[in-house]
Every structure is written in structure tokens, then in C-alpha cells.
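One structure is given here, and the rest of the page talks about it.
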Amino acid sequence: MALEITEATMTATANGEVIATATRTDCWWHATTSPRPLDRNTAITTLMLAERRITHGEDDPCVIEWRRELGRD
């Protein structure tokens, strides 16, 4: 996985493919994998979760915990 972060965008890739992105608008981030505006740290966690789900599945302990932290359990 690669997570590229700039001042205005975040891109998560796995196996050479873009799997999720986030874009900054004013003081919020909007991720392709989340319906609500996010702060910077939550946007990073959301993109990491997207990658982890693809590579390790829904039953992975990290996926379960990150979903709980994000209020998506």
C-alpha cells in the first residue's frame, strides 16, 4: 500500500491501483469512502481502512478496530 498525502489531497493505492482518495475543502476532508466530512487524521485512518479491507478482509482485527473508532461498526 502507498498513501500519498499533500496539502490538498490524499491518495491510497494497493497493487498499483487507486482505491480511495480524499480532497481538502476549507477545514474538512472529503473521502471517496466516507459520506461525511472528516478531519485530517480521520481521513488518513479512512484511507488506511480501505486498503486494509482489500488486503486483509473484513474479519481482520485492525479493520474491526478502525471501523469501531470511525463509528462504522
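By order in the C-alpha cells, chains are A, B, ...; within a chain, residues start at 1; ligands start at 1, following the order shown.
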
Item to complete: Find the residues near stretch 34-49 of chain A: any atom within 9 Å, counting only C-alpha atoms, skip ones fewer than 5 places away on the same chain, and give them as a PyMOL selection string.
Response: chain A and resi 1+3+5+10-12+19-22+24+27-29+54+62-63+66-67+70

Practice prompt. Could you tell me, as a list in words, which residues of chain A DSSP assigns to strand (DSSP E) when given the backbone?
Written response: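 Secondary structure check on chain A, strand (DSSP E): Ala2, Leu3, Glu4, Ile5, Thr9, Met10, Thr11, Ala12, Thr13, Ala14, Glu17, Val18, Ile19, Ala20, Thr21, Ala22, Thr23, Arg24, Thr25, Trp28, Trp29, His30 and Ala31 of chain A.
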
Written selection (N, CA and C atoms) as a short mmCIF file (atom, residue, chain, number, x, y, z; two decimals), in the first residue's frame:
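Okay, this is what ended up in again_19.cif:
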data_model
loop_
_atom_site.label_atom_id
_atom_site.label_comp_id
_atom_site.auth_asym_id
_atom_site.auth_seq_id
_atom_site.Cartn_x
_atom_site.Cartn_y
_atom_site.Cartn_z
N ALA A 2 0.38 2.22 -0.67
CA ALA A 2 1.04 3.52 -0.63
C ALA A 2 -0.02 4.56 -0.29
N LEU A 3 0.33 5.44 0.61
CA LEU A 3 -0.55 6.54 0.98
C LEU A 3 0.21 7.82 0.71
N GLU A 4 -0.24 8.58 -0.28
CA GLU A 4 0.39 9.83 -0.65
C GLU A 4 -0.46 10.98 -0.11
N ILE A 5 0.18 11.87 0.64
CA ILE A 5 -0.54 12.98 1.27
C ILE A 5 0.11 14.29 0.88
N THR A 9 -4.70 16.91 -1.10
CA THR A 9 -5.22 15.61 -1.49
C THR A 9 -4.53 14.47 -0.76
N MET A 10 -5.22 13.34 -0.71
CA MET A 10 -4.67 12.09 -0.21
C MET A 10 -5.08 11.01 -1.19
N THR A 11 -4.16 10.10 -1.46
CA THR A 11 -4.46 9.00 -2.37
C THR A 11 -3.92 7.71 -1.78
N ALA A 12 -4.79 6.70 -1.70
CA ALA A 12 -4.38 5.37 -1.24
C ALA A 12 -4.36 4.44 -2.45
N THR A 13 -3.26 3.72 -2.60
CA THR A 13 -3.15 2.75 -3.69
C THR A 13 -2.79 1.38 -3.13
N ALA A 14 -3.24 0.36 -3.83
CA ALA A 14 -2.89 -1.02 -3.50
C ALA A 14 -2.69 -1.76 -4.80
N GLU A 17 -3.10 0.26 -8.00
CA GLU A 17 -4.39 0.86 -8.33
C GLU A 17 -4.84 1.81 -7.24
N VAL A 18 -5.43 2.94 -7.63
CA VAL A 18 -6.01 3.87 -6.66
C VAL A 18 -7.27 3.23 -6.10
N ILE A 19 -7.34 3.13 -4.77
CA ILE A 19 -8.50 2.51 -4.14
C ILE A 19 -9.36 3.51 -3.38
N ALA A 20 -8.78 4.66 -3.01
CA ALA A 20 -9.53 5.69 -2.30
C ALA A 20 -8.78 7.01 -2.38
N THR A 21 -9.54 8.09 -2.36
CA THR A 21 -8.93 9.42 -2.36
C THR A 21 -9.67 10.31 -1.36
N ALA A 22 -9.00 11.37 -0.96
CA ALA A 22 -9.62 12.39 -0.12
C ALA A 22 -9.14 13.75 -0.62
N THR A 23 -10.04 14.72 -0.57
CA THR A 23 -9.75 16.07 -1.02
C THR A 23 -10.09 17.05 0.08
N ARG A 24 -9.21 18.02 0.28
CA ARG A 24 -9.42 19.03 1.32
C ARG A 24 -10.23 20.19 0.76
N THR A 25 -11.24 20.59 1.51
CA THR A 25 -12.02 21.78 1.19
C THR A 25 -12.17 22.57 2.48
N TRP A 28 -12.13 20.81 6.09
CA TRP A 28 -12.57 19.42 6.11
C TRP A 28 -11.96 18.63 4.95
N TRP A 29 -11.95 17.33 5.12
CA TRP A 29 -11.52 16.41 4.07
C TRP A 29 -12.74 15.60 3.64
N HIS A 30 -12.86 15.36 2.34
CA HIS A 30 -13.95 14.55 1.80
C HIS A 30 -13.33 13.33 1.12
N ALA A 31 -13.59 12.16 1.70
CA ALA A 31 -13.03 10.90 1.19
C ALA A 31 -14.05 10.16 0.35
#

Discussion item. Quick check, in Å to one decimal: how far apart do atom CA of A:His56 and atom CA of A:Asn15 lie?
Written reply: 13.3 Å

Worksheet entry | Pairwise distance for atom CA of A:Asp26 and atom CA of A:Glu7, rounded to one decimal in Å | 11.2 Å

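For chain A, the set of residues given helix (DSSP H, G or I) by DSSP on the backbone reads Arg40, Asn41, Thr42, Ala43, Ile44, Thr45, Thr46, Leu47, Met48, Leu49, Ala50, Glu51, Arg52, Arg53, Ile54, Thr55, His56, Pro61, Cys62, Val63, Ile64, Glu65, Trp66, Arg67, Arg68 and Glu69 of chain A.
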